[in-house]
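What's in query_27.cif: mmCIF, C-alpha atoms
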data_coords
#
loop_
_atom_site.label_atom_id
_atom_site.label_comp_id
_atom_site.auth_asym_id
_atom_site.auth_seq_id
_atom_site.Cartn_x
_atom_site.Cartn_y
_atom_site.Cartn_z
CA MET A 1 109.52 71.78 160.88
CA THR A 2 108.58 68.07 160.99
CA ALA A 3 110.91 65.35 162.21
CA GLU A 4 111.28 64.19 158.59
CA HIS A 5 112.45 67.66 157.56
CA ARG A 6 114.86 67.85 160.45
CA LEU A 7 116.27 64.45 159.54
CA SER A 8 116.68 65.53 155.90
CA ALA A 9 118.40 68.74 157.00
CA PHE A 10 120.76 66.74 159.22
CA LEU A 11 121.70 64.37 156.40
CA GLU A 12 122.07 67.27 153.98
CA GLU A 13 124.57 69.00 156.28
CA ALA A 14 127.26 66.46 155.49
CA ARG A 15 127.34 67.43 151.82
CA GLY A 16 130.37 69.45 150.85
CA PRO A 17 130.82 71.92 147.99
CA ARG A 18 129.82 70.83 144.50
CA GLN A 19 133.25 71.75 143.18
CA ASP A 20 136.40 71.43 145.25
CA LEU A 21 139.50 71.92 143.17
CA ALA A 22 141.80 71.52 146.18
CA PHE A 23 140.41 68.08 146.90
CA THR A 24 140.70 67.04 143.25
CA ALA A 25 144.28 68.32 143.19
CA MET A 26 145.12 66.28 146.30
CA VAL A 27 143.71 63.12 144.73
CA MET A 28 145.54 63.72 141.46
CA ARG A 29 148.79 64.33 143.35
CA ARG A 30 148.36 60.94 145.03
CA VAL A 31 147.59 59.36 141.67
CA ALA A 32 150.69 60.91 140.10
CA ARG A 33 152.86 59.76 143.02
CA ARG A 34 151.50 56.23 142.74
CA GLU A 35 152.13 56.21 138.98
CA LEU A 36 155.69 57.42 139.49
CA LEU A 37 156.37 54.74 142.11
CA ALA A 38 154.89 52.05 139.87
CA ARG A 39 157.03 53.21 136.95
CA LEU A 40 160.19 53.38 139.08
CA LEU A 41 159.51 49.90 140.41
CA ALA A 42 158.92 48.52 136.92
CA HIS A 43 162.08 50.12 135.54
CA GLY A 44 164.05 48.99 138.57
CA LEU A 45 162.91 45.43 138.10
CA ILE A 46 163.78 45.53 134.39
CA ALA A 47 167.22 46.98 135.16
CA ALA A 48 167.83 44.34 137.85
CA ALA A 49 166.75 41.54 135.51
CA ALA A 50 169.00 42.91 132.73
CA ALA A 51 171.91 43.17 135.16
CA VAL A 52 171.45 39.59 136.33
CA ALA A 53 171.14 38.37 132.72
CA LEU A 54 174.32 40.23 131.71
CA TRP A 55 176.18 38.96 134.76
CA ALA A 56 175.13 35.40 134.05
CA SER A 57 176.05 35.56 130.37
CA ALA A 58 179.23 37.59 130.83
CA PRO A 59 181.66 34.67 130.19
CA ALA A 60 179.83 33.60 127.03
CA LEU A 61 179.50 37.19 125.81
CA GLY A 62 183.17 37.85 126.45
CA ALA A 63 184.21 34.80 124.45
CA ALA A 64 181.93 35.80 121.58
CA ILE A 65 182.93 39.45 121.44
CA GLU A 66 186.70 39.12 121.89
CA PRO A 67 187.54 37.90 118.33
CA LEU A 68 185.25 40.54 116.84
CA ALA A 69 186.85 43.26 118.95
CA ARG A 70 190.34 42.24 117.76
CA SER A 71 189.32 42.33 114.10
CA LEU A 72 187.70 45.78 114.52
CA LEU A 73 190.73 47.28 116.32
CA PRO A 74 192.38 48.82 113.15
CA VAL A 75 189.07 50.31 112.02
CA ALA A 76 188.46 51.83 115.46
CA ALA A 77 191.99 53.28 115.55
CA THR A 78 191.52 54.87 112.10
CA LEU A 79 188.18 56.38 113.14
CA VAL A 80 189.63 57.85 116.33
CA LEU A 81 192.59 59.34 114.43
CA THR A 82 190.31 60.88 111.78
CA ALA A 83 188.00 62.35 114.41
CA THR A 84 190.94 63.83 116.34
CA VAL A 85 192.41 65.44 113.20
CA ALA A 86 188.99 66.84 112.26
CA LEU A 87 188.48 68.33 115.72
CA VAL A 88 191.92 69.89 115.93
CA SER A 89 191.85 71.37 112.41
CA GLY A 90 188.31 72.67 112.96
CA GLY A 91 189.41 74.41 116.15
CA LEU A 92 192.42 76.01 114.41
CA LEU A 93 190.30 77.32 111.53
CA ALA A 94 187.76 78.81 113.95
CA GLY A 95 190.56 80.56 115.86
CA ARG A 96 191.94 82.20 112.67
CA GLY A 97 188.49 83.56 111.82
CA GLY A 98 188.80 85.92 114.81
CA ASN A 99 185.60 84.77 116.38
CA ASP A 100 185.86 85.48 120.09
CA GLY A 101 182.63 83.72 120.84
CA ARG A 102 180.49 86.78 121.41
CA TYR A 103 176.77 86.53 120.63
CA GLU A 104 177.00 89.24 117.92
CA ASP A 105 179.55 87.16 115.97
CA PHE A 106 176.96 84.44 115.38
CA ILE A 107 174.26 86.75 113.97
CA MET B 108 127.42 58.99 131.55
CA ASP B 109 130.76 58.04 133.13
CA ALA B 110 131.71 55.39 130.56
CA PRO B 111 133.74 57.57 128.12
CA LEU B 112 135.73 59.09 130.98
CA VAL B 113 136.27 55.66 132.56
CA ARG B 114 137.56 54.27 129.25
CA ALA B 115 139.93 57.22 128.81
CA ALA B 116 141.15 56.95 132.39
CA ARG B 117 141.72 53.23 132.01
CA ALA B 118 143.83 54.03 128.94
CA GLY B 119 146.01 56.20 131.19
CA SER B 120 144.40 59.66 130.96
CA GLN B 121 144.82 61.39 134.29
CA ALA B 122 142.78 64.33 132.98
CA ALA B 123 139.80 62.03 132.44
CA PHE B 124 140.18 60.57 135.91
CA SER B 125 140.39 64.07 137.33
CA ARG B 126 136.97 64.80 135.75
CA LEU B 127 135.59 61.67 137.41
CA VAL B 128 136.96 62.81 140.75
CA GLU B 129 135.35 66.24 140.30
CA ARG B 130 132.06 64.63 139.35
CA HIS B 131 131.82 62.27 142.31
CA GLN B 132 133.72 63.99 145.12
CA GLN B 133 130.73 65.78 146.62
CA GLY B 134 128.53 62.71 146.98
CA LEU B 135 131.31 60.40 148.07
CA ARG B 136 132.62 62.78 150.71
CA GLY B 137 129.11 63.40 151.99
CA PHE B 138 128.51 59.67 152.29
CA LEU B 139 131.80 59.16 154.10
CA ARG B 140 131.21 62.10 156.44
CA ARG B 141 128.00 60.46 157.55
CA THR B 142 129.63 57.07 158.04
CA VAL B 143 133.24 57.80 159.02
CA GLY B 144 133.27 61.34 160.37
CA SER B 145 135.90 63.98 159.78
CA ASP B 146 138.48 61.47 158.50
CA ALA B 147 136.14 61.20 155.53
CA ASP B 148 138.37 63.18 153.19
CA ASP B 149 141.37 60.95 153.90
CA VAL B 150 139.29 57.85 153.24
CA ALA B 151 137.84 59.47 150.09
CA GLN B 152 141.32 60.24 148.78
CA GLU B 153 142.49 56.71 149.52
CA ALA B 154 139.42 55.30 147.81
CA MET B 155 139.88 57.42 144.72
CA THR B 156 143.55 56.53 144.45
CA ALA B 157 142.64 52.86 144.84
CA ALA B 158 139.98 53.32 142.15
CA TRP B 159 142.61 54.69 139.74
CA THR B 160 144.83 51.68 140.36
CA GLY B 161 141.97 49.19 140.13
CA LEU B 162 140.12 50.63 137.11
CA SER B 163 141.06 47.59 135.04
CA ARG B 164 138.94 45.44 137.40
CA LEU B 165 135.78 47.47 136.71
CA ARG B 166 133.63 45.41 134.33
CA ASP B 167 130.72 47.77 133.68
CA ASP B 168 131.99 51.25 132.82
CA GLU B 169 128.58 52.80 133.48
CA GLY B 170 128.63 51.30 136.97
CA PHE B 171 131.61 53.41 137.99
CA ARG B 172 129.73 55.27 140.72
CA SER B 173 128.50 52.14 142.54
CA TRP B 174 131.91 50.54 142.17
CA LEU B 175 133.70 53.64 143.51
CA TYR B 176 131.40 53.80 146.53
CA GLY B 177 132.00 50.09 147.09
CA VAL B 178 135.75 50.67 147.13
CA ALA B 179 135.24 53.62 149.48
CA TRP B 180 132.95 51.60 151.76
CA ARG B 181 135.54 48.84 152.14
CA LYS B 182 138.13 51.48 153.04
CA ALA B 183 135.66 53.06 155.45
CA LEU B 184 134.93 49.73 157.13
CA SER B 185 138.58 49.05 157.85
CA HIS B 186 138.82 52.60 159.16
CA ILE B 187 135.75 52.19 161.38
CA ARG B 188 137.01 48.87 162.76
CA SER B 189 140.07 50.57 164.13
CA THR B 190 139.09 51.13 167.77
CA THR B 191 141.53 53.90 168.43
CA ARG B 192 140.18 55.87 165.52
CA ALA B 193 136.58 55.16 166.48
CA THR B 194 136.87 57.30 169.59
CA ARG B 195 138.32 60.11 167.57
CA ARG B 196 135.61 59.67 164.94
CA ASP B 197 132.84 60.34 167.43
CA GLN B 198 134.51 63.51 168.64
CA ASP B 199 135.19 64.72 165.09
CA TRP B 200 131.69 63.84 163.93
CA SER B 201 130.37 66.16 166.62
CA GLU B 202 132.71 68.94 165.55
CA THR B 203 131.79 68.51 161.90
CA LEU B 204 128.10 68.80 162.58
CA SER B 205 128.44 71.74 164.93
CA ALA B 206 129.99 73.63 162.06
CA GLY B 207 127.04 72.88 159.75
CA GLU B 208 124.30 75.31 158.80
CA GLY B 209 121.27 73.15 158.32
CA GLY B 210 118.89 75.23 160.39
CA LEU B 211 118.81 72.50 163.02
CA SER B 212 118.74 73.16 166.73
CA THR B 213 121.74 72.07 168.75
CA GLU B 214 119.58 69.53 170.62
CA ASP B 215 118.34 67.95 167.39
CA ARG B 216 121.82 67.81 165.95
CA LEU B 217 123.22 66.22 169.09
CA ALA B 218 120.39 63.69 169.26
CA LEU B 219 120.78 62.75 165.60
CA ARG B 220 124.55 62.57 165.89
CA THR B 221 124.29 60.19 168.83
CA ALA B 222 121.64 58.09 167.11
CA MET B 223 123.61 57.97 163.84
CA ALA B 224 126.82 56.95 165.65
CA ALA B 225 124.88 54.21 167.46
CA LEU B 226 123.66 52.63 164.22
CA PRO B 227 125.56 49.52 163.07
CA ALA B 228 128.05 50.38 160.31
CA ASP B 229 126.07 48.71 157.50
CA GLN B 230 122.85 50.37 158.61
CA ARG B 231 124.55 53.75 158.81
CA ALA B 232 125.92 53.32 155.29
CA ALA B 233 122.51 52.29 153.94
CA VAL B 234 120.87 55.31 155.55
CA ALA B 235 123.61 57.64 154.31
CA LEU B 236 123.26 56.42 150.72
CA CYS B 237 119.49 56.07 150.44
CA LEU B 238 118.33 58.93 152.65
CA GLY B 239 121.37 61.19 152.41
CA GLU B 240 122.35 60.74 148.77
CA GLY B 241 118.97 59.70 147.38
CA TRP B 242 120.19 56.39 145.95
CA SER B 243 117.77 53.59 145.16
CA HIS B 244 117.85 50.49 147.34
CA ALA B 245 119.22 48.48 144.41
CA GLU B 246 122.09 50.91 143.82
CA ALA B 247 122.98 50.89 147.51
CA ALA B 248 122.83 47.09 147.60
CA GLU B 249 125.26 46.90 144.69
CA ALA B 250 127.69 49.43 146.15
CA LEU B 251 127.69 47.99 149.67
CA GLY B 252 127.66 44.38 148.52
CA LEU B 253 124.56 43.55 150.57
CA PRO B 254 121.29 41.83 149.59
CA LEU B 255 118.46 44.13 148.50
CA GLY B 256 116.20 43.00 151.34
CA THR B 257 118.90 43.78 153.89
CA ILE B 258 119.30 47.29 152.51
CA LYS B 259 115.55 47.89 152.67
CA SER B 260 115.33 46.79 156.29
CA HIS B 261 118.51 48.73 157.19
CA VAL B 262 117.07 51.93 155.74
CA ALA B 263 113.67 51.46 157.40
CA ARG B 264 115.11 50.59 160.80
CA GLY B 265 117.80 53.27 160.62
CA ARG B 266 115.22 55.90 159.69
CA ASP B 267 112.97 54.83 162.55
CA LYS B 268 115.82 55.05 165.04
CA LEU B 269 116.79 58.51 163.83
CA LEU B 270 113.20 59.73 163.98
CA GLN B 271 112.87 58.25 167.46
CA ALA B 272 115.91 60.26 168.47
CA LEU B 273 113.95 63.36 167.46
CA GLY B 274 111.10 62.29 169.69
CA ASP B 275 108.99 61.02 166.80
CA LYS B 276 107.30 57.65 167.24
CA PRO B 277 107.60 55.50 164.07
#

With the file now loaded, output its structure as C-alpha coordinates.
Amino acid sequence: MTAEHRLSAFLEEARGPRQDLAFTAMVMRRVARRELLARLLAHGLIAAAAAVALWASAPALGAAIEPLARSLLPVAATLVLTATVALVSGGLLAGRGGNDGRYEDFI
Amino acid sequence: MDAPLVRAARAGSQAAFSRLVERHQQGLRGFLRRTVGSDADDVAQEAMTAAWTGLSRLRDDEGFRSWLYGVAWRKALSHIRSTTRATRRDQDWSETLSAGEGGLSTEDRLALRTAMAALPADQRAAVALCLGEGWSHAEAAEALGLPLGTIKSHVARGRDKLLQALGDKP
(Lines of atoms letter the chains of each structure in order from A and count residues from 1; the text may use other names and numbers.)
(Lines give C-alpha, C1' and ligand atoms only; values in the text may rest on other atoms or scores of the structure.)
Protein backbone atom coordinates (compact mmCIF):
# COMPACT_ATOMS: atom_id res chain seq x y z
CA MET A 1 0.00 0.00 0.00
CA THR A 2 1.68 3.23 -1.16
CA ALA A 3 1.67 6.44 0.82
CA GLU A 4 -0.78 7.90 -1.72
CA HIS A 5 -3.19 5.03 -1.09
CA ARG A 6 -2.86 5.38 2.64
CA LEU A 7 -3.54 9.11 2.38
CA SER A 8 -6.61 8.45 0.22
CA ALA A 9 -7.86 5.85 2.70
CA PHE A 10 -7.38 8.32 5.56
CA LEU A 11 -9.34 11.05 3.76
CA GLU A 12 -12.02 8.56 2.75
CA GLU A 13 -12.58 7.52 6.38
CA ALA A 14 -14.26 10.81 7.21
CA ARG A 15 -17.11 10.16 4.78
CA GLY A 16 -20.35 9.22 6.46
CA PRO A 17 -23.28 7.20 5.13
CA ARG A 18 -24.73 8.16 1.76
CA GLN A 19 -28.19 8.42 3.27
CA ASP A 20 -28.79 9.55 6.83
CA LEU A 21 -32.45 10.17 7.51
CA ALA A 22 -31.81 11.05 11.16
CA PHE A 23 -29.47 13.84 10.17
CA THR A 24 -31.91 15.16 7.56
CA ALA A 25 -34.70 15.04 10.15
CA MET A 26 -32.57 17.03 12.62
CA VAL A 27 -31.88 19.70 10.01
CA MET A 28 -35.54 19.91 9.00
CA ARG A 29 -36.57 20.19 12.65
CA ARG A 30 -34.23 23.17 13.00
CA VAL A 31 -35.62 24.66 9.80
CA ALA A 32 -39.20 24.24 11.02
CA ARG A 33 -38.33 25.80 14.39
CA ARG A 34 -36.68 28.75 12.69
CA GLU A 35 -39.70 29.21 10.40
CA LEU A 36 -42.06 29.11 13.37
CA LEU A 37 -40.00 31.69 15.27
CA ALA A 38 -39.84 33.95 12.22
CA ARG A 39 -43.61 33.69 11.75
CA LEU A 40 -44.31 34.35 15.44
CA LEU A 41 -42.01 37.36 15.36
CA ALA A 42 -43.66 38.73 12.23
CA HIS A 43 -47.17 38.25 13.63
CA GLY A 44 -46.09 39.73 16.95
CA LEU A 45 -44.72 42.80 15.25
CA ILE A 46 -47.89 43.22 13.18
CA ALA A 47 -50.05 42.83 16.30
CA ALA A 48 -47.91 45.35 18.21
CA ALA A 49 -48.07 47.83 15.33
CA ALA A 50 -51.86 47.40 15.08
CA ALA A 51 -52.21 47.88 18.84
CA VAL A 52 -50.15 51.07 18.77
CA ALA A 53 -52.11 52.37 15.76
CA LEU A 54 -55.44 51.64 17.49
CA TRP A 55 -54.25 53.21 20.72
CA ALA A 56 -53.09 56.32 18.91
CA SER A 57 -56.29 56.69 16.92
CA ALA A 58 -58.66 55.70 19.73
CA PRO A 59 -59.96 59.26 20.43
CA ALA A 60 -60.64 59.93 16.74
CA LEU A 61 -62.21 56.50 16.23
CA GLY A 62 -64.40 56.93 19.28
CA ALA A 63 -65.68 60.29 18.03
CA ALA A 64 -66.40 58.84 14.60
CA ILE A 65 -68.13 55.68 15.78
CA GLU A 66 -70.27 57.11 18.59
CA PRO A 67 -72.97 58.76 16.40
CA LEU A 68 -73.16 55.65 14.22
CA ALA A 69 -73.49 53.42 17.27
CA ARG A 70 -76.39 55.53 18.60
CA SER A 71 -78.26 55.37 15.29
CA LEU A 72 -77.79 51.57 15.07
CA LEU A 73 -78.98 50.95 18.65
CA PRO A 74 -82.68 50.20 17.74
CA VAL A 75 -81.63 47.85 14.95
CA ALA A 76 -79.25 46.00 17.26
CA ALA A 77 -81.94 45.69 19.96
CA THR A 78 -84.42 44.26 17.42
CA LEU A 79 -81.86 41.74 16.16
CA VAL A 80 -81.01 40.58 19.68
CA LEU A 81 -84.71 40.18 20.56
CA THR A 82 -85.42 38.20 17.37
CA ALA A 83 -82.43 35.93 17.95
CA THR A 84 -83.47 35.29 21.57
CA VAL A 85 -87.05 34.41 20.56
CA ALA A 86 -85.77 32.11 17.81
CA LEU A 87 -83.43 30.30 20.21
CA VAL A 88 -86.01 29.85 22.94
CA SER A 89 -88.79 28.66 20.61
CA GLY A 90 -86.37 26.31 18.83
CA GLY A 91 -85.36 24.78 22.15
CA LEU A 92 -89.00 24.29 23.20
CA LEU A 93 -89.92 22.59 19.91
CA ALA A 94 -86.93 20.24 20.19
CA GLY A 95 -87.95 19.31 23.74
CA ARG A 96 -91.52 18.38 22.65
CA GLY A 97 -90.14 16.09 19.94
CA GLY A 98 -88.90 13.75 22.70
CA ASN A 99 -85.36 13.76 21.47
CA ASP A 100 -83.16 12.92 24.43
CA GLY A 101 -80.01 13.56 22.50
CA ARG A 102 -78.98 9.96 21.98
CA TYR A 103 -76.96 9.12 18.87
CA GLU A 104 -79.69 6.80 17.52
CA ASP A 105 -82.21 9.68 17.49
CA PHE A 106 -80.16 11.51 14.87
CA ILE A 107 -79.93 8.58 12.42
CA MET B 1 -28.96 19.54 -11.14
CA ASP B 2 -29.86 21.36 -7.91
CA ALA B 3 -31.57 24.33 -9.56
CA PRO B 4 -35.20 23.04 -9.58
CA LEU B 5 -34.96 22.02 -5.93
CA VAL B 6 -33.33 25.33 -5.00
CA ARG B 7 -36.12 27.27 -6.74
CA ALA B 8 -38.79 25.21 -4.97
CA ALA B 9 -37.06 25.60 -1.62
CA ARG B 10 -36.74 29.34 -2.13
CA ALA B 11 -40.49 29.43 -2.78
CA GLY B 12 -40.97 27.87 0.67
CA SER B 13 -40.95 24.12 0.00
CA GLN B 14 -39.39 22.38 2.97
CA ALA B 15 -39.71 19.04 1.13
CA ALA B 16 -37.47 20.36 -1.65
CA PHE B 17 -34.94 21.64 0.86
CA SER B 18 -35.02 18.28 2.60
CA ARG B 19 -34.00 16.65 -0.72
CA LEU B 20 -31.10 19.10 -0.98
CA VAL B 21 -30.01 18.21 2.54
CA GLU B 22 -30.15 14.49 1.70
CA ARG B 23 -28.16 15.08 -1.47
CA HIS B 24 -25.33 17.05 0.11
CA GLN B 25 -25.12 15.81 3.70
CA GLN B 26 -22.55 13.10 3.05
CA GLY B 27 -20.01 15.32 1.32
CA LEU B 28 -20.52 18.29 3.60
CA ARG B 29 -20.20 16.25 6.77
CA GLY B 30 -17.12 14.51 5.43
CA PHE B 31 -15.52 17.86 4.62
CA LEU B 32 -16.35 19.22 8.06
CA ARG B 33 -15.11 16.09 9.83
CA ARG B 34 -11.75 16.60 8.19
CA THR B 35 -11.62 20.29 9.08
CA VAL B 36 -13.56 20.63 12.34
CA GLY B 37 -13.58 17.18 13.92
CA SER B 38 -16.45 15.51 15.71
CA ASP B 39 -18.40 18.77 16.11
CA ALA B 40 -18.82 18.52 12.35
CA ASP B 41 -22.46 17.46 12.50
CA ASP B 42 -23.40 20.45 14.67
CA VAL B 43 -21.64 22.80 12.27
CA ALA B 44 -23.26 21.03 9.30
CA GLN B 45 -26.72 21.44 10.83
CA GLU B 46 -26.06 25.11 11.57
CA ALA B 47 -24.81 25.63 8.04
CA MET B 48 -27.81 23.96 6.47
CA THR B 49 -30.23 25.93 8.61
CA ALA B 50 -28.39 29.13 7.66
CA ALA B 51 -28.58 28.05 4.02
CA TRP B 52 -32.37 27.71 4.28
CA THR B 53 -32.64 31.21 5.72
CA GLY B 54 -30.23 32.71 3.21
CA LEU B 55 -31.45 30.98 0.03
CA SER B 56 -32.71 34.30 -1.33
CA ARG B 57 -29.09 35.54 -1.42
CA LEU B 58 -27.97 32.69 -3.70
CA ARG B 59 -27.63 34.15 -7.21
CA ASP B 60 -26.74 31.07 -9.25
CA ASP B 61 -29.11 28.20 -8.43
CA GLU B 62 -26.76 25.64 -10.00
CA GLY B 63 -24.00 26.85 -7.71
CA PHE B 64 -25.85 25.69 -4.61
CA ARG B 65 -23.19 23.17 -3.61
CA SER B 66 -20.28 25.65 -3.65
CA TRP B 67 -22.41 28.24 -1.88
CA LEU B 68 -23.49 25.74 0.81
CA TYR B 69 -19.90 24.70 1.45
CA GLY B 70 -18.94 28.37 1.65
CA VAL B 71 -21.59 28.95 4.30
CA ALA B 72 -20.40 25.84 6.14
CA TRP B 73 -16.75 26.91 5.90
CA ARG B 74 -17.50 30.30 7.46
CA LYS B 75 -19.32 28.52 10.29
CA ALA B 76 -16.41 26.10 10.62
CA LEU B 77 -13.88 28.94 10.78
CA SER B 78 -15.65 30.65 13.65
CA HIS B 79 -15.84 27.26 15.34
CA ILE B 80 -12.14 26.57 14.80
CA ARG B 81 -11.16 30.02 16.09
CA SER B 82 -12.71 29.24 19.42
CA THR B 83 -9.68 28.17 21.47
CA THR B 84 -11.60 26.23 24.05
CA ARG B 85 -13.22 24.14 21.38
CA ALA B 86 -9.95 23.66 19.52
CA THR B 87 -8.55 21.51 22.31
CA ARG B 88 -11.67 19.41 22.30
CA ARG B 89 -11.56 19.18 18.51
CA ASP B 90 -8.14 17.54 18.55
CA GLN B 91 -9.27 14.95 21.06
CA ASP B 92 -12.50 14.24 19.17
CA TRP B 93 -10.71 14.09 15.83
CA SER B 94 -8.57 11.31 17.27
CA GLU B 95 -11.63 9.45 18.53
CA THR B 96 -13.41 9.82 15.21
CA LEU B 97 -10.53 8.37 13.26
CA SER B 98 -9.92 5.53 15.67
CA ALA B 99 -13.45 4.39 14.97
CA GLY B 100 -12.85 4.36 11.19
CA GLU B 101 -12.32 1.28 9.06
CA GLY B 102 -10.04 2.44 6.31
CA GLY B 103 -7.55 -0.40 6.55
CA LEU B 104 -4.96 2.00 7.93
CA SER B 105 -2.52 1.11 10.66
CA THR B 106 -2.85 2.92 13.96
CA GLU B 107 0.56 4.56 13.42
CA ASP B 108 -0.42 5.90 10.00
CA ARG B 109 -3.73 7.19 11.29
CA LEU B 110 -2.07 8.91 14.22
CA ALA B 111 0.62 10.44 12.02
CA LEU B 112 -1.93 11.70 9.49
CA ARG B 113 -4.21 13.00 12.22
CA THR B 114 -1.38 14.98 13.75
CA ALA B 115 -0.24 16.29 10.38
CA MET B 116 -3.79 17.21 9.34
CA ALA B 117 -4.43 19.04 12.64
CA ALA B 118 -1.15 20.94 12.18
CA LEU B 119 -2.16 22.28 8.76
CA PRO B 120 -3.40 25.89 8.70
CA ALA B 121 -7.22 26.01 8.53
CA ASP B 122 -7.39 27.18 4.90
CA GLN B 123 -4.89 24.55 3.81
CA ARG B 124 -6.79 21.85 5.66
CA ALA B 125 -10.03 22.91 3.97
CA ALA B 126 -8.40 22.93 0.53
CA VAL B 127 -6.98 19.46 1.09
CA ALA B 128 -10.29 18.16 2.43
CA LEU B 129 -12.22 19.45 -0.59
CA CYS B 130 -9.78 18.65 -3.39
CA LEU B 131 -8.23 15.44 -2.11
CA GLY B 132 -11.04 14.23 0.15
CA GLU B 133 -14.10 15.20 -1.88
CA GLY B 134 -12.52 15.25 -5.34
CA TRP B 135 -13.45 18.85 -6.09
CA SER B 136 -11.63 20.83 -8.77
CA HIS B 137 -9.36 23.66 -7.66
CA ALA B 138 -11.78 26.18 -9.17
CA GLU B 139 -14.75 24.78 -7.26
CA ALA B 140 -12.80 24.82 -4.00
CA ALA B 141 -11.63 28.39 -4.68
CA GLU B 142 -15.23 29.50 -5.16
CA ALA B 143 -16.52 27.74 -2.05
CA LEU B 144 -13.71 28.87 0.24
CA GLY B 145 -13.52 32.38 -1.20
CA LEU B 146 -9.81 32.08 -1.96
CA PRO B 147 -7.83 32.79 -5.16
CA LEU B 148 -7.29 29.81 -7.46
CA GLY B 149 -3.50 30.01 -7.13
CA THR B 150 -3.76 29.92 -3.35
CA ILE B 151 -5.91 26.80 -3.50
CA LYS B 152 -3.44 25.08 -5.81
CA SER B 153 -0.50 25.82 -3.53
CA HIS B 154 -2.52 24.88 -0.41
CA VAL B 155 -3.40 21.50 -1.90
CA ALA B 156 0.15 20.80 -3.08
CA ARG B 157 1.77 21.84 0.20
CA GLY B 158 -0.87 20.12 2.33
CA ARG B 159 -0.48 16.90 0.35
CA ASP B 160 3.30 17.04 0.71
CA LYS B 161 3.05 17.54 4.46
CA LEU B 162 0.64 14.63 4.82
CA LEU B 163 2.84 12.36 2.72
CA GLN B 164 5.86 13.44 4.74
CA ALA B 165 3.98 12.39 7.86
CA LEU B 166 3.79 8.91 6.33
CA GLY B 167 7.53 8.91 5.83
CA ASP B 168 7.28 9.67 2.12
CA LYS B 169 9.61 12.33 0.73
CA PRO B 170 7.78 14.67 -1.70

What residues in chain B have any atom no more than 7 Å from chain A when counting only C-alpha atoms, and can you write them as a ChimeraX atom specification?
/B:125,128-129,133-134,137,140-141,152,155-156,207-209,211,216,239,270,273,275

Would you list the residues near (120.8, 59.6, 147.1), meaning any protein, DNA or RNA residue with an atom at most 12 Å from that point in file coordinates, counting all atoms listed in the file, as number ranges by chain?
A: 8, 11-12, 15; B: 133-135, 137-138, 172-173, 232-247

Distance in Å - CA of Asp168 (chain B) versus CA of Leu251 (chain B):
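Pair CA of Asp168 (chain B) / CA of Leu251 (chain B) returns 17.7 Å.
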
Quick check, in Å to one decimal: how far apart do CA of Thr142 (chain B) and CA of Arg231 (chain B) lie?
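These two atoms are separated by 6.1 Å.
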
Please, what distance in Å, to one decimal, runs between CA of His131 (chain B) and CA of Ala218 (chain B)?
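Interatomic distance, CA of His131 (chain B) to CA of Ala218 (chain B): 29.3 Å.
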
Near Trp159 (chain B), counting all atoms listed in the file, which residues have an atom at most 9 Å away, once you skip same-chain residues fewer than 2 positions from it, shown as a PyMOL selection string?
(chain A and resi 31) or (chain B and resi 116-117+121+124+154-157+161-163)

Generate a file of the selected residues that holds C-alpha atoms, formatted as a CSV table (one decimal), in the coordinates of the input.
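In the end it all went to selection.csv:
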chain,number,residue,atom,x,y,z
A,31,VAL,CA,147.6,59.4,141.7
B,116,ALA,CA,141.2,57.0,132.4
B,117,ARG,CA,141.7,53.2,132.0
B,121,GLN,CA,144.8,61.4,134.3
B,124,PHE,CA,140.2,60.6,135.9
B,154,ALA,CA,139.4,55.3,147.8
B,155,MET,CA,139.9,57.4,144.7
B,156,THR,CA,143.6,56.5,144.4
B,157,ALA,CA,142.6,52.9,144.8
B,161,GLY,CA,142.0,49.2,140.1
B,162,LEU,CA,140.1,50.6,137.1
B,163,SER,CA,141.1,47.6,135.0

Using 4 Å of padding on each side, determine the axis-aligned box around all atoms of region 253-261 of chain B present in the file and give its centre and edge lengths in Å to one decimal, as lines of an AutoDock Vina configuration file.
center_x = 119.9
center_y = 45.3
center_z = 152.8
size_x = 17.2
size_y = 14.9
size_z = 16.7

Once the PyMOL selection byres ((chain B and resi 265) around 9) has been evaluated on this model, what residues remain selected, and can you format them as an MDAnalysis selection string?
chainID B and resid 222:223 226:227 230:231 233:234 260:264 266:270
